[in-house]
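Before any comments, here is the structure.
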Amino acid sequence: MVNECKKLLAEIRAKRPLLHHITNYVVMNDNANIALHIGASPVMAHAYEEIEEMTSLASALVINIGTLDKDWIKSMELAISTANKRGIPVILDPVGAGATQLRTDTALRFLSDYQITVLKGNAGEISVLAGLGGQVKGVDSVSAEAPLEAARTAAEKFGVITAITGKEDIVSDGKNTLIVKNGHQWLSTITGSGCNATTVISAFVAVADNILNAVACGLGAYGVAAEIAAQKAQGPASFKQALFDAVYNLSDTDIEKLLNIENV
Amino acid sequence: MVNECKKLLAEIRAKRPLLHHITNYVVMNDNANIALHIGASPVMAHAYEEIEEMTSLASALVINIGTLDKDWIKSMELAISTANKRGIPVILDPVGAGATQLRTDTALRFLSDYQITVLKGNAGEISVLAGLGGQVKGVDSVSAEAPLEAARTAAEKFGVITAITGKEDIVSDGKNTLIVKNGHQWLSTITGSGCNATTVISAFVAVADNILNAVACGLGAYGVAAEIAAQKAQGPASFKQALFDAVYNLSDTDIEKLLNIENV
Amino acid sequence: MVNECKKLLAEIRAKRPLLHHITNYVVMNDNANIALHIGASPVMAHAYEEIEEMTSLASALVINIGTLDKDWIKSMELAISTANKRGIPVILDPVGAGATQLRTDTALRFLSDYQITVLKGNAGEISVLAGLGGQVKGVDSVSAEAPLEAARTAAEKFGVITAITGKEDIVSDGKNTLIVKNGHQWLSTITGSGCNATTVISAFVAVADNILNAVACGLGAYGVAAEIAAQKAQGPASFKQALFDAVYNLSDTDIEKLLNIENV
């Protein structure tokens with residue numbers, strides 16, 4: 001995996017893929033910065049009137065329902081359907097699925113009516129969507145009995161690559177499953193760290209053939225940056241700054257030394 | 001007060017109360033981070049369709065009208081009325097009341113038609129709402145002749161706990177009034193420092209019985225963190241980072257040494 | 001220019017002009033902070049119902065179409081028309097013009113139907129609006145054959161002062177053209193650095209008689225701060241923090257030493 005992840009990172013920086021985000025208000029600035037720092041080009045656009053044009057320019061589409069409402073859902077559907085027509089990968093972050101019916105139903109409709117490439121959430125969200133229980137409070141995962149099973153079940157049920165972030169990240173296509181052991185507990189102290197992971201994943205997916213590996217590489221790269229940043233953290237805000245710097249400065253040597261992805 | 005404030009802070013960190021925010025775009029990321037750093041769990045949600053469910057999950061509701069519009073006002077009303085039905089405390093930050101009729105009228109309607117628990121603003125905003133004059137330019141307080149009287153009058157008029165932030169913070173239920181002497185002038189150099197105080201207040205109120213004291217503790221805790229952060233400030237952005245770190249790292253010892261709340 | 005820029009900066013700090021922003025979600029927090037740090041007072045307000053009142057309070061109006069939609073466009077038009085009636089300068093940042101028809105058409109309509117004071121964008125955006133080709137991918141300038149000609153042509157065509165940011169910034173009224181050689185390549189690694197420049201420009205324009213010079217001073221001041229900040233950068237996030245601190249700390253001595261503006 002080390003070589004594949006290095007190669008993908010180099011391609012992001014060379015190709016500078018455009019990542020069209022329809023994401024939540026809380027993390028828009030962070031997502032845009034993380035996209036730039038990893039080497040990609042972000043654009044945030046939600047107006048129904050320009051969706052088809054904007055999505056068509058993109059190399060990946062990020063749909064994050066963290067602050068959804070009915071107008072935005074309409075735009076998200078048009079963006080996903082445009083991406084599907086053009087073969088552009090779609091990364092769905094179902095923030096808060098399980099907390100309200102609107103979020104659960106919206107995520108499930110996107111998964112059933114369109115081709116989603118990657119479904120990425122916390123254990124509670126993915127468990128709920130997989131129909132395996134799980135509990136979500138606001139946007140935080142409260143409980144999920146069997147994350148590994150949830151990742152596999154969701155992958156098979158929806159025909160997607162599933163990623164579950166947590167202490168260890170799980171990436172699965174239903175048959176093959178990878179565990180990303182990178183990351184740091186500081187990530188749980190800042191808002192949007194999961195959403196930023198989604199952005200990084202989308203950059204890797206935008207330049208990849210093997211989506212399963214690309215998702216694991218994205219989570220691994222972000223986790224490696226977190227580990228480097230943790231050394232400078234005096235609290236969550238100094239950690240966040242160090243994390244963003246580390247994503248930008250991420251080198252092949254960092255990946256060689258720290259990347260920790262396993263097959264299960 | 002020192003012991004009460006320490007006890008409340010410990011309870012926030014133990015219980016991790018969910019704080020439902022309908023807040024302004026400018027500070028959403030900051031409010032979410034401050035909520036996490038003080039030990040609570042934030043969620044931002046404004047879609048009318050999910051308000052009842054989301055507010056019902058929460059331990060406190062924050063309503064901040066800093067970038068209001070008519071759709072968001074509708075959702076705010078539903079959120080407040082849901083909170084009222086379920087006995088969830090409501091913290092109202094009437095950002096910019098006094099600057100435009102829409103903001104003044106909206107804040108007054110919330111105060112007259114629903115049960116607001118805490119009304120927290122700057123001297124200009126609260127003076128205008130109390131009917132005692134005062135001037136607001138954009139979202140900044142320009143003048144208020146008698147902040148102490150405004151705090152007391154608003155508390156009695158609306159049946160709320162009032163908090164006015166400024167060089168010294170005033171907290172009043174109309175009869176009892178506390179002055180919080182913590183804080184630092186650097187706070188006035190960053191956007192959203194008042195809105196972040198509102199989030200911290202809501203965390204304390206979410207776990208408290210005595211609301212008056214909880215509001216003062218929230219302002220005191222935030223002010224203590226600001227004093228600690230000021231030592232590292234080389235400008236407003238390094239102050240902000242140090243402030244967010246200090247909120248997370250806030251210890252009983254910090255509170256014992258620095259908390260400065262007086263009865264008047 | 002050095003003396004004029006120093007004088008304008010002192011006036012911003014003395015008068016604290018209110019800058020009404022209708023800007024994009026991504027940069028709202030950053031724009032508000034940069035406005036405060038340079039010495040002005042920001043307000044973000046987009047509700048149609050309060051636009052006339054809010055714009056009327058302001059000393060400058062910033063219109064940034066980075067995350068436009070049809071409701072916001074309606075509010076933007078009312079804000080611009082209010083500013084025109086009251087002689088308040090309007091600074092337009094046509095983010096993403098050239099990437100989608102909605103953005104191009106909206107910017108062109110604002111320019112044809114109202115009096116815009118300053119049009120500020122990247123080379124691709126201004127070239128497209130000037131009718132001279134140019135290519136925009138998302139919100140990034142991809143190509144523009146002749147930025148200098150684009151700046152002059154747009155200035156004459158629309159009767160505005162044009163500013164094009166890039167490695168060197170160009171400011172033109174069609175006849176007189178200034179080149180601002182300040183700035184640093186770190187600026188291209190953070191989101192919103194162009195939008196923040198727009199905010200700084202609006203603060204200078206708010207207190208100025210000579211708009212051409214004020215725009216150059218704003219870009220020069222921001223660029224000087226970037227040069228100072230670059231010395232502390234260990235990555236884009238630490239650069240951003242240092243930049244925001246430097247904008248706040250910007251002194252006459254910094255301007256005397258570093259400001260680099262030339263006539264062409």
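Identifiers in the structure tokens: chain A, B, ... in order shown; residue index from 1 per chain; ligand index from 1 in order shown.
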Proximal residues of chain C relative to chain B (only C-alpha atoms; 9 Å) as JSON, numbers by chain: {"C": [18, 19, 20, 25, 27, 28, 29, 30, 32, 33, 34, 36, 37, 41, 42, 43, 44, 45, 46, 47, 48, 49, 50, 51, 53, 54, 57, 58, 240, 241, 242, 243, 244, 245, 246, 247, 248, 249]}
Would you put the residues from that selection into a file with N, CA and C atoms, as a short mmCIF file (atom, residue, chain, number, x, y, z; two decimals), in the first residue's frame?
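Writing done, so here's result_21.cif:
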data_model
loop_
_atom_site.label_atom_id
_atom_site.label_comp_id
_atom_site.auth_asym_id
_atom_site.auth_seq_id
_atom_site.Cartn_x
_atom_site.Cartn_y
_atom_site.Cartn_z
N LEU C 18 -17.92 50.76 8.88
CA LEU C 18 -18.73 49.54 8.82
C LEU C 18 -18.71 48.99 7.39
N LEU C 19 -18.31 47.74 7.24
CA LEU C 19 -18.22 47.10 5.93
C LEU C 19 -19.32 46.05 5.84
N HIS C 20 -20.36 46.34 5.07
CA HIS C 20 -21.44 45.37 4.90
C HIS C 20 -21.03 44.35 3.85
N TYR C 25 -20.07 31.62 1.99
CA TYR C 25 -20.02 30.88 3.26
C TYR C 25 -18.60 30.48 3.66
N VAL C 27 -15.73 31.92 3.40
CA VAL C 27 -14.80 32.92 3.93
C VAL C 27 -15.43 33.89 4.91
N MET C 28 -16.67 33.68 5.30
CA MET C 28 -17.34 34.67 6.16
C MET C 28 -16.56 34.94 7.44
N ASN C 29 -16.11 33.89 8.07
CA ASN C 29 -15.37 34.07 9.32
C ASN C 29 -14.05 34.79 9.05
N ASP C 30 -13.36 34.37 8.03
CA ASP C 30 -12.08 35.01 7.69
C ASP C 30 -12.27 36.48 7.31
N ALA C 32 -14.64 38.49 8.19
CA ALA C 32 -15.00 39.27 9.38
C ALA C 32 -13.75 39.55 10.22
N ASN C 33 -12.91 38.53 10.38
CA ASN C 33 -11.70 38.74 11.17
C ASN C 33 -10.74 39.73 10.51
N ILE C 34 -10.53 39.58 9.21
CA ILE C 34 -9.62 40.49 8.51
C ILE C 34 -10.14 41.93 8.60
N LEU C 36 -11.91 43.22 11.05
CA LEU C 36 -11.59 43.69 12.40
C LEU C 36 -10.09 43.98 12.54
N HIS C 37 -9.26 43.12 11.99
CA HIS C 37 -7.82 43.25 12.21
C HIS C 37 -7.25 44.49 11.51
N SER C 41 -15.06 47.56 10.92
CA SER C 41 -16.12 46.84 11.61
C SER C 41 -16.94 46.08 10.57
N PRO C 42 -16.96 44.76 10.64
CA PRO C 42 -17.67 43.98 9.61
C PRO C 42 -19.11 43.69 10.03
N VAL C 43 -20.00 43.59 9.05
CA VAL C 43 -21.29 42.97 9.32
C VAL C 43 -21.66 42.12 8.12
N MET C 44 -22.17 40.93 8.40
CA MET C 44 -22.64 40.01 7.37
C MET C 44 -24.16 39.98 7.49
N ALA C 45 -24.86 40.28 6.43
CA ALA C 45 -26.33 40.27 6.49
C ALA C 45 -26.83 40.06 5.08
N HIS C 46 -27.73 39.09 4.92
CA HIS C 46 -28.21 38.76 3.58
C HIS C 46 -29.73 38.75 3.47
N ALA C 47 -30.45 38.94 4.58
CA ALA C 47 -31.91 38.85 4.51
C ALA C 47 -32.48 40.04 3.75
N TYR C 48 -33.26 39.74 2.73
CA TYR C 48 -33.84 40.78 1.88
C TYR C 48 -34.53 41.85 2.73
N GLU C 49 -35.20 41.41 3.79
CA GLU C 49 -35.99 42.31 4.62
C GLU C 49 -35.15 43.36 5.35
N GLU C 50 -33.88 43.11 5.56
CA GLU C 50 -33.09 44.08 6.32
C GLU C 50 -31.99 44.75 5.50
N ILE C 51 -31.90 44.36 4.22
CA ILE C 51 -30.79 44.85 3.39
C ILE C 51 -30.75 46.38 3.32
N GLU C 53 -31.81 48.71 5.23
CA GLU C 53 -31.37 49.32 6.48
C GLU C 53 -29.89 49.06 6.75
N MET C 54 -29.47 47.82 6.54
CA MET C 54 -28.09 47.46 6.89
C MET C 54 -27.09 48.13 5.95
N LEU C 57 -26.35 51.74 6.70
CA LEU C 57 -25.46 52.03 7.84
C LEU C 57 -23.99 51.96 7.46
N ALA C 58 -23.71 51.36 6.28
CA ALA C 58 -22.32 50.98 5.97
C ALA C 58 -21.54 52.07 5.27
N LYS C 240 -1.36 31.37 7.73
CA LYS C 240 -2.63 32.09 7.86
C LYS C 240 -2.72 32.80 9.21
N GLN C 241 -2.35 32.10 10.26
CA GLN C 241 -2.38 32.74 11.58
C GLN C 241 -1.44 33.93 11.63
N ALA C 242 -0.24 33.75 11.10
CA ALA C 242 0.73 34.85 11.11
C ALA C 242 0.25 36.02 10.25
N LEU C 243 -0.44 35.70 9.15
CA LEU C 243 -0.98 36.74 8.27
C LEU C 243 -2.04 37.58 8.99
N PHE C 244 -2.94 36.91 9.67
CA PHE C 244 -4.00 37.63 10.38
C PHE C 244 -3.39 38.49 11.50
N ASP C 245 -2.42 37.92 12.21
CA ASP C 245 -1.72 38.72 13.22
C ASP C 245 -1.02 39.92 12.58
N ALA C 246 -0.39 39.69 11.44
CA ALA C 246 0.38 40.76 10.78
C ALA C 246 -0.52 41.88 10.27
N VAL C 247 -1.70 41.53 9.79
CA VAL C 247 -2.65 42.56 9.35
C VAL C 247 -3.00 43.48 10.53
N TYR C 248 -3.22 42.85 11.68
CA TYR C 248 -3.55 43.62 12.88
C TYR C 248 -2.37 44.49 13.33
N ASN C 249 -1.17 43.92 13.26
CA ASN C 249 0.01 44.61 13.78
C ASN C 249 0.67 45.56 12.78
#
Neighbour list for Gly159 of chain C as a ChimeraX atom specification, cut-off 12 Å, only C-alpha atoms, skip fewer than 3 positions in-chain: /C:111-119,130,151-156,162,172-175
Atom-to-atom span, atom CA of Gly218 of chain A and atom CA of Ala197 of chain A, Å: 7.3 Å
Per-residue DSSP, segment 16-259 of chain A, filtered to strand (DSSP E or B), as a PyMOL selection string: chain A and resi 18-22+41-44+60-64+90-93+97+100+118-122+135-137+140-143+161-165+169-172+177-180
DSSP helix (DSSP H, G or I) residues within segment 28-211 of chain A, listed as a VMD selection string: chain A and resid 28 to 38 48 to 57 70 to 86 101 to 113 123 to 130 147 to 158 185 to 189 193 to 206 211
Neighbour list for segment 7-14 of chain B as a count of residues only, cut-off 8 Å, only C-alpha atoms, skip fewer than 4 positions in-chain: 10
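Of the listed residues A:Glu4, A:Glu77, A:Glu168, A:Asp93, the one whose atoms come nearest to Cys195 of chain A is A:Asp93, with distances taken using only C-alpha atoms.
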